[in-house]
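*Asks:* Got a structure for you, written out below as structure tokens; questions coming shortly.
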Amino acid sequence: MSLHDMNPTVKFVTLTLIMFGLALFYNPRTPLVIIVGTLLIQLVATDVSWKKWGMFLIPFLITAIGTFWTTLVFGKNLEGETWMTILGQDITDEERRIAVALSLRVLAFTVLSLLFMMTTDSKRFVMSLMQQAKLSPTIAYSALVGFRFIPLLQRELQQLQYAHQLRGVPFNTKWERLRHVPKLLLPLLAGSIRRAERIAFSMEARGFTSGKRTIYDKVEVKSSDFVWSGVLLTLFGIAIWAGI
Amino acid sequence: MVETESLHFRFLESSEAILEDVTVSIRQGRTILSGASGSGKSTLLALFNRLYPENCDGILDGRLELLGRSYDDYAPGEINQRVGTVFQDPDTQFVMERVEEELIFTLENLSTPVSDIEQRVTEILESLQLSDYRNRKIDSLSGGQKQRIAVACALVGRPEWLLLDEPLTHLDPVTAQEFVKWLDKMKDLNVIVVEHRPHLWGDYFDWHIELERGCVVRNESFRSVEDFSFVKSNASLSAIQRYKVKEVRRDSFQLNETVLHVRAGEVIAILGPNGSGKSTFLRSLTEHDHRVGLVPQSPEHLFFMNSVVRELQFGHETSIETVLSDMELHNQRFLHPLSLSHGQKRRLAVGIQSLSNKQLLAFDEPTAGQDEASLHALEALMKRHAEQGQTILFVTHDLSFANIANTFYLMKDGELSGPFGDELWQNTEMLLDYRLKGRGERCHSMT
Amino acid sequence: MLKSWKLKEVVLVSVLSVVFAVVYLLFVHIGNLWAGLIGPIAYEWIFGIWFIVSIISAYIIRKPGAAFISEVMAATIEMLIGNAIGPRIILVGIVQGLGAEAVFAMTGYRRYELWVLMLAGFGSAVTSFVYTYFMSGFAMLEPGYVATMFGLRAISGMVIAGIGGKLLSDLLLKTGSLRGYAISRSGNVHG
């Protein structure tokens with residue numbers, strides 16, 4: 001019974017509830033327990049690539065560090081023993097505790113999000129939203145079209161950059177490339193809009209409407225989904241208890 | 001199957017009619033709908049599968065009956081159960097990732113019972129000899145393969161009718177010919193094809209309707225048509241120049257190093273099938289030599305300013321007035337470059353290159369999807385620049401158009417061979433080898 | 001809400017989202033480096049980029065729901081592409097979309113002048129800031145610092161999403177690719 005098989009919508013709702021719940025707590029232990037628990041679940045019940053996971057985590061580690069010292073410096077003044085002094089500002093133990101809690105919260109959000117992202121197939125999630133959460137098929141399939149559109153867009157972007165380079169636009173440094181982005185945006189958008197129209201016509205010509213359709217690939221809600229949901233919510237319960 | 005009587009159509013925002021008094025009756029069998037770009041043929045097709053007038057702000061007058069019922073009598077999507085459509089662009093016809101998923105998507109649209117879907121998919125793939133593609137990623141297929149999958153998707157709903165909107169545009173001639181042969185095997189199919197290059201279809205059709213500026217100018221039994229003809233450039237040739245094309249290596253593909261000796265005023269065609277490395281060759285040629293100017297297949301890729309004038313002025317101080325009038329763009333000077341017609345875009349691209357004093361103008365696939373008038377305009381443009389002493393080099397798989405060239409090179413698997421003169425057209429073995437000509441096809445008339 | 005929409009409009013919204021998602025990826029690395037140095041405030045000044053899709057869509061399509069649906073669609077696609085913010089991003093999309101949508105609704109979906117678009121950008125800034133305030137625990141920060149963050153986000157919403165969105169859409173109109181959409185019929189082609 002792996003987390004990969006869990007119904008995407010049930011997984012989504014469960015994890016989102018936990019994240020909202022987490023936002024109510026300002027002690028470091030609650031997010032810490034969530035982080036440790038989630039990693040244990042990920043270790044036992046999934047086969048995600050930890051290397052890839054690590055790569056995704058890096059930017060959020062940076063954000064967490066940023067959050068930590070921002071909270072120290074710009075946090076509300078709280079009573080307590082002085083922990084240390086930065087730039088002539090006294091920082092109390094209580095203030096440090098809050099800073100640790102908020103940066104751990106960033107990491108807890110990230111770990112939960114990555115658990116979802118790395119165990120859920122995108123197409124299945126959209127199909128599940130359509131079947132379980134009543135997402136309109138028009139939106140669901142249009143989103144899939146957008147998703148499929150990416151490689152096409154990347155090729156187009158390369159061709160544009162190449163052609164502009166031929167005209168003498170410099171693309172050597174990161175800054176030069178970035179500065180030219182606004183000029184790439186317009187042709188990219190204009191081309192995409194024309195393509196969007198053609199794709200929509202193709203879909204309609206093949207009988208796509210917002211109305212009735214059959215569903216071949218059913219994404220089901222099984223009893224094991226609720227077991228998983230229970231496990232995750234129990235983890236959250238333990239995390240709250242640990243924080244008291 | 002289709003009956004129209006004095007059909008008029010125009011878009012809300014313009015006063016110009018797209019269709020004017022069109023009265024046709026299309027019966028079972030195979031019908032071609034030909035005409036130049038803007039003649040209204042694609043609009044007419046879009047009315048047949050009811051994409052129009054719903055999807056555009058169009059005003060339709062007259063009688064239009066589809067399969068025995070008036071067009072406005074159908075519920076949305078209803079006609080698409082009985083009519084299948086294949087479009088021109090292989091890249092904008094699919095929603096899902098894999099071939100099988102795409103077919104399932106179509107059957108789901110048509111509310112096919114779930115229990116039948118598996119079998120229907122198997123059946124259609126078998127009958128079209130496409131079973132091998134069932135689990136392939138659509139993005140990984142070639143243009144010709146994608147068009148066949150598009151046909152499968154159009155036919156999987158068992159329509160009474162198949163509409164094809166210029167389905168050969170992005171295919172090389174042999175692939176196009178194979179596609180037609182493959183379609184020809186389906187005997188009881190009722191087909192309407194929109195096409196501006198009827199000769200590519202041989203004698204496939206029964207009936208021929210031609211439109212010109214929204215009016216029917218031909219409505220008769222089909223007789224096979226000769227292709228448009230093009231005349232060899234006779235610009236005088238002078239000084240020899242040397243261009244080195246550097247080697248390019250990419251995963252499984254290698255472009256070999258070549259040295260080109262060309263003359264000022266010479267027109268050169270580089271021929272070869274899709275995927276043979278022609279575009280890579282042009283890229284390598286342009287990248288390493290400042291004497292070379294490139295006109296990409298989509299000329300608008302070169303544009304990034306907000307008006308024609310600013311586009312021409314970018315990066316230099318030279319006056320642009322001569323070029324503006326040479327390229328007949330003075331009336332468009334304040335328009336946005338992306339809003340120009342294809343022909344105007346091409347001229348603007350050439351204008352940009354002229355201003356940076358390029359000696360060799362290289363065109364990447366300038367003929368794809370072009371109608372007769374546009375091809376002749378291209379012919380004139382190239383010849384004029386050759387006469388002014390520039391060298392023109394173009395990559396194409398349009399063998400008729402290639403006729404304007406003085407010199408030919410062939411490209412296969414990244415290897416360039418040539419130069420050849422007109423004797424190339426007598427060398428059947430070589431043409432077959434380079435997939436310029438299919439087996440059993442009569443040799444292209446080249447004069 | 002979706003009933004009055006044409007399929008091509010929904011696909012348009014989807015494709016616009018993808019373009020901005022790809023463009024956004026070009027910027028995101030810069031944002032991240034900043035974030036380590038100067039904290040969460042690093043993102044505030046470019047936050048308007050997140051709202052621009054909904055402003056452009058509403059301005060082009062001019063139907064009820066355009067701002068909201070496009071923002072949700074953008075978020076969904078962002079997640080499909082593999083944005084590590086993950087499922088939360090959909091909630092962010094819903095919240096942001098509601099802010100802009102409310103502004104357009106207040107005009108009865110009849111006004112699309114610059115000030116309305118800027119106000120819509122401001123609307124997204126407000127709703128999204130309420131969300132961030134709660135989720136990131138801003139209650140624990142000095143009110144002055146929080147106010148600065150909000151100010152930056154609001155300005156970014158009005159300038160990048162409002163003004164930027166209008167400029168870009170007007171340019172697109174000039175390229176002729178928006179024929180057949182409500183913006184082409186609005187009559188303020190050069191306004």
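The way I read the labels, and the way they are meant: chains A, B, ... in the order of the structure tokens, residue 1 as the first residue of every chain, and ligand 1 as the first ligand shown, with later ones counted on from there.
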With 6 Å as the limit and counting only C-alpha atoms, what residues in chain B lie close to chain A? Please list them as a PyMOL selection string.
*Replies:* chain B and resi 77+80+92-93+95+106+108-111+114+301-302+304
*Asks:* Output the selection as a PDB file, in the first residue's frame - N, CA and C atoms for each residue.
*Replies:*
ATOM      1  N   GLY B  77     -21.536  20.175 -30.893  1.00  0.00           N
ATOM      2  CA  GLY B  77     -20.835  18.894 -30.845  1.00  0.00           C
ATOM      3  C   GLY B  77     -21.540  17.769 -31.591  1.00  0.00           C
ATOM      4  N   ASN B  80     -20.161  16.866 -35.024  1.00  0.00           N
ATOM      5  CA  ASN B  80     -18.821  16.291 -34.941  1.00  0.00           C
ATOM      6  C   ASN B  80     -18.825  14.794 -34.635  1.00  0.00           C
ATOM      7  N   THR B  92      -0.762  21.198 -33.391  1.00  0.00           N
ATOM      8  CA  THR B  92      -1.843  21.759 -32.571  1.00  0.00           C
ATOM      9  C   THR B  92      -3.131  20.952 -32.709  1.00  0.00           C
ATOM     10  N   GLN B  93      -2.992  19.632 -32.777  1.00  0.00           N
ATOM     11  CA  GLN B  93      -4.196  18.813 -32.938  1.00  0.00           C
ATOM     12  C   GLN B  93      -4.423  17.852 -31.805  1.00  0.00           C
ATOM     13  N   VAL B  95      -4.368  16.671 -27.546  1.00  0.00           N
ATOM     14  CA  VAL B  95      -4.573  17.114 -26.177  1.00  0.00           C
ATOM     15  C   VAL B  95      -3.756  16.261 -25.205  1.00  0.00           C
ATOM     16  N   THR B 106     -11.042  11.123 -27.599  1.00  0.00           N
ATOM     17  CA  THR B 106     -12.034  11.363 -28.641  1.00  0.00           C
ATOM     18  C   THR B 106     -13.291  10.537 -28.406  1.00  0.00           C
ATOM     19  N   GLU B 108     -14.385   9.324 -25.609  1.00  0.00           N
ATOM     20  CA  GLU B 108     -15.092   9.849 -24.431  1.00  0.00           C
ATOM     21  C   GLU B 108     -15.937  11.068 -24.798  1.00  0.00           C
ATOM     22  N   ASN B 109     -15.370  11.926 -25.660  1.00  0.00           N
ATOM     23  CA  ASN B 109     -16.117  13.100 -26.122  1.00  0.00           C
ATOM     24  C   ASN B 109     -17.425  12.687 -26.762  1.00  0.00           C
ATOM     25  N   LEU B 110     -17.363  11.579 -27.507  1.00  0.00           N
ATOM     26  CA  LEU B 110     -18.527  11.140 -28.263  1.00  0.00           C
ATOM     27  C   LEU B 110     -19.439  10.259 -27.414  1.00  0.00           C
ATOM     28  N   SER B 111     -19.174  10.224 -26.106  1.00  0.00           N
ATOM     29  CA  SER B 111     -19.965   9.423 -25.168  1.00  0.00           C
ATOM     30  C   SER B 111     -20.047   7.953 -25.556  1.00  0.00           C
ATOM     31  N   VAL B 114     -18.079   2.914 -22.129  1.00  0.00           N
ATOM     32  CA  VAL B 114     -16.742   2.551 -21.669  1.00  0.00           C
ATOM     33  C   VAL B 114     -16.354   1.143 -22.112  1.00  0.00           C
ATOM     34  N   HIS B 301       9.964  35.324 -36.651  1.00  0.00           N
ATOM     35  CA  HIS B 301      10.894  35.039 -35.561  1.00  0.00           C
ATOM     36  C   HIS B 301      11.986  36.099 -35.441  1.00  0.00           C
ATOM     37  N   LEU B 302      12.236  36.804 -36.543  1.00  0.00           N
ATOM     38  CA  LEU B 302      13.283  37.828 -36.515  1.00  0.00           C
ATOM     39  C   LEU B 302      12.815  39.117 -35.839  1.00  0.00           C
ATOM     40  N   PHE B 304      11.223  41.876 -33.244  1.00  0.00           N
ATOM     41  CA  PHE B 304      10.959  42.121 -31.832  1.00  0.00           C
ATOM     42  C   PHE B 304      10.688  43.586 -31.525  1.00  0.00           C
TER      43      PHE B 304
END
*Asks:* Could you list, as a VMD selection string, every residue of chain B that has an atom within 12 Å of an atom of chain C, counting only C-alpha atoms?
*Replies:* chain B and resid 11 to 14 51 to 58 76 to 77 92 95 300 303 to 308 334 to 341
*Asks:* Please, could you write that set of residues out with N, CA and C atoms as a PDB file, in the first residue's frame?
*Replies:*
ATOM      1  N   PHE B  11     -16.912  38.495 -41.567  1.00  0.00           N
ATOM      2  CA  PHE B  11     -16.630  38.700 -40.156  1.00  0.00           C
ATOM      3  C   PHE B  11     -17.209  40.027 -39.720  1.00  0.00           C
ATOM      4  N   LEU B  12     -17.627  40.060 -38.464  1.00  0.00           N
ATOM      5  CA  LEU B  12     -18.293  41.234 -37.919  1.00  0.00           C
ATOM      6  C   LEU B  12     -17.459  42.496 -38.085  1.00  0.00           C
ATOM      7  N   GLU B  13     -16.142  42.371 -37.799  1.00  0.00           N
ATOM      8  CA  GLU B  13     -15.321  43.580 -37.762  1.00  0.00           C
ATOM      9  C   GLU B  13     -14.906  44.087 -39.149  1.00  0.00           C
ATOM     10  N   SER B  14     -15.196  43.305 -40.213  1.00  0.00           N
ATOM     11  CA  SER B  14     -14.808  43.810 -41.530  1.00  0.00           C
ATOM     12  C   SER B  14     -16.002  43.777 -42.476  1.00  0.00           C
ATOM     13  N   LEU B  51     -17.494  24.678 -36.853  1.00  0.00           N
ATOM     14  CA  LEU B  51     -16.635  25.481 -35.985  1.00  0.00           C
ATOM     15  C   LEU B  51     -17.057  26.935 -36.133  1.00  0.00           C
ATOM     16  N   TYR B  52     -17.438  27.274 -37.343  1.00  0.00           N
ATOM     17  CA  TYR B  52     -18.033  28.573 -37.626  1.00  0.00           C
ATOM     18  C   TYR B  52     -19.525  28.341 -37.818  1.00  0.00           C
ATOM     19  N   PRO B  53     -20.381  29.281 -37.622  1.00  0.00           N
ATOM     20  CA  PRO B  53     -20.094  30.645 -37.174  1.00  0.00           C
ATOM     21  C   PRO B  53     -19.975  30.776 -35.656  1.00  0.00           C
ATOM     22  N   GLU B  54     -20.174  29.696 -34.905  1.00  0.00           N
ATOM     23  CA  GLU B  54     -20.153  29.777 -33.435  1.00  0.00           C
ATOM     24  C   GLU B  54     -18.909  30.473 -32.891  1.00  0.00           C
ATOM     25  N   ASN B  55     -17.749  30.082 -33.447  1.00  0.00           N
ATOM     26  CA  ASN B  55     -16.485  30.444 -32.832  1.00  0.00           C
ATOM     27  C   ASN B  55     -15.887  31.754 -33.286  1.00  0.00           C
ATOM     28  N   CYS B  56     -16.561  32.409 -34.217  1.00  0.00           N
ATOM     29  CA  CYS B  56     -16.000  33.672 -34.656  1.00  0.00           C
ATOM     30  C   CYS B  56     -17.184  34.611 -34.706  1.00  0.00           C
ATOM     31  N   ASP B  57     -16.907  35.885 -34.763  1.00  0.00           N
ATOM     32  CA  ASP B  57     -18.029  36.800 -34.870  1.00  0.00           C
ATOM     33  C   ASP B  57     -18.348  36.931 -36.340  1.00  0.00           C
ATOM     34  N   GLY B  58     -19.033  35.939 -36.859  1.00  0.00           N
ATOM     35  CA  GLY B  58     -19.301  35.929 -38.293  1.00  0.00           C
ATOM     36  C   GLY B  58     -20.793  36.046 -38.576  1.00  0.00           C
ATOM     37  N   PRO B  76     -24.599  21.723 -30.116  1.00  0.00           N
ATOM     38  CA  PRO B  76     -23.133  21.813 -30.131  1.00  0.00           C
ATOM     39  C   PRO B  76     -22.502  20.424 -30.044  1.00  0.00           C
ATOM     40  N   GLY B  77     -21.536  20.175 -30.893  1.00  0.00           N
ATOM     41  CA  GLY B  77     -20.835  18.894 -30.845  1.00  0.00           C
ATOM     42  C   GLY B  77     -21.540  17.769 -31.591  1.00  0.00           C
ATOM     43  N   THR B  92      -0.762  21.198 -33.391  1.00  0.00           N
ATOM     44  CA  THR B  92      -1.843  21.759 -32.571  1.00  0.00           C
ATOM     45  C   THR B  92      -3.131  20.952 -32.709  1.00  0.00           C
ATOM     46  N   VAL B  95      -4.368  16.671 -27.546  1.00  0.00           N
ATOM     47  CA  VAL B  95      -4.573  17.114 -26.177  1.00  0.00           C
ATOM     48  C   VAL B  95      -3.756  16.261 -25.205  1.00  0.00           C
ATOM     49  N   GLU B 300       8.661  35.913 -38.958  1.00  0.00           N
ATOM     50  CA  GLU B 300       8.375  36.764 -37.797  1.00  0.00           C
ATOM     51  C   GLU B 300       9.282  36.456 -36.609  1.00  0.00           C
ATOM     52  N   PHE B 303      11.517  39.271 -35.667  1.00  0.00           N
ATOM     53  CA  PHE B 303      10.990  40.586 -35.267  1.00  0.00           C
ATOM     54  C   PHE B 303      10.839  40.707 -33.763  1.00  0.00           C
ATOM     55  N   PHE B 304      11.223  41.876 -33.244  1.00  0.00           N
ATOM     56  CA  PHE B 304      10.959  42.121 -31.832  1.00  0.00           C
ATOM     57  C   PHE B 304      10.688  43.586 -31.525  1.00  0.00           C
ATOM     58  N   MET B 305      10.566  44.415 -32.548  1.00  0.00           N
ATOM     59  CA  MET B 305      10.226  45.810 -32.299  1.00  0.00           C
ATOM     60  C   MET B 305       8.721  45.999 -32.538  1.00  0.00           C
ATOM     61  N   ASN B 306       8.239  47.221 -32.241  1.00  0.00           N
ATOM     62  CA  ASN B 306       6.790  47.402 -32.283  1.00  0.00           C
ATOM     63  C   ASN B 306       6.253  48.070 -33.543  1.00  0.00           C
ATOM     64  N   SER B 307       7.112  48.387 -34.499  1.00  0.00           N
ATOM     65  CA  SER B 307       6.599  48.866 -35.775  1.00  0.00           C
ATOM     66  C   SER B 307       7.597  48.492 -36.872  1.00  0.00           C
ATOM     67  N   VAL B 308       7.117  48.483 -38.084  1.00  0.00           N
ATOM     68  CA  VAL B 308       7.956  48.122 -39.225  1.00  0.00           C
ATOM     69  C   VAL B 308       9.176  49.035 -39.291  1.00  0.00           C
ATOM     70  N   PHE B 334       3.983  51.997 -40.065  1.00  0.00           N
ATOM     71  CA  PHE B 334       3.683  52.141 -38.634  1.00  0.00           C
ATOM     72  C   PHE B 334       2.928  50.948 -38.054  1.00  0.00           C
ATOM     73  N   LEU B 335       2.719  49.929 -38.865  1.00  0.00           N
ATOM     74  CA  LEU B 335       2.020  48.743 -38.352  1.00  0.00           C
ATOM     75  C   LEU B 335       2.961  47.898 -37.502  1.00  0.00           C
ATOM     76  N   HIS B 336       2.348  47.064 -36.678  1.00  0.00           N
ATOM     77  CA  HIS B 336       3.146  46.121 -35.898  1.00  0.00           C
ATOM     78  C   HIS B 336       3.643  45.011 -36.829  1.00  0.00           C
ATOM     79  N   PRO B 337       4.940  44.685 -36.784  1.00  0.00           N
ATOM     80  CA  PRO B 337       5.472  43.671 -37.712  1.00  0.00           C
ATOM     81  C   PRO B 337       4.705  42.351 -37.654  1.00  0.00           C
ATOM     82  N   LEU B 338       4.218  41.981 -36.460  1.00  0.00           N
ATOM     83  CA  LEU B 338       3.532  40.693 -36.352  1.00  0.00           C
ATOM     84  C   LEU B 338       2.135  40.713 -36.970  1.00  0.00           C
ATOM     85  N   SER B 339       1.631  41.907 -37.293  1.00  0.00           N
ATOM     86  CA  SER B 339       0.294  41.968 -37.871  1.00  0.00           C
ATOM     87  C   SER B 339       0.326  41.921 -39.397  1.00  0.00           C
ATOM     88  N   LEU B 340       1.531  41.859 -39.988  1.00  0.00           N
ATOM     89  CA  LEU B 340       1.634  41.845 -41.453  1.00  0.00           C
ATOM     90  C   LEU B 340       1.188  40.503 -42.023  1.00  0.00           C
ATOM     91  N   SER B 341       0.916  40.491 -43.329  1.00  0.00           N
ATOM     92  CA  SER B 341       0.624  39.233 -44.008  1.00  0.00           C
ATOM     93  C   SER B 341       1.929  38.451 -44.160  1.00  0.00           C
TER      94      SER B 341
END
*Asks:* Chain A residues within 7 Å of chain C, counting only C-alpha atoms: which ones, as a ChimeraX atom specification?
*Replies:* /A:12,16,23,56,59,62-63,65-67,70-71,74-76,102,110,113-114,117,122,139,142-143,146-147,150,186,189-190,192-194,196-197,200
*Asks:* What is the CA of Pro113 in chain B to CA of Arg158 in chain B distance in Å?
*Replies:*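 According to the coordinates, CA of Pro113 in chain B and CA of Arg158 in chain B are separated by 14.1 Å.
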*Asks:* Do you know which residues are at most 7 Å from Ile56 in chain C counting only C-alpha atoms, after dropping those on the same chain fewer than 3 positions away, and could you put them as a PyMOL selection string?
*Replies:* chain C and resi 52-53+59-60+165-166+169
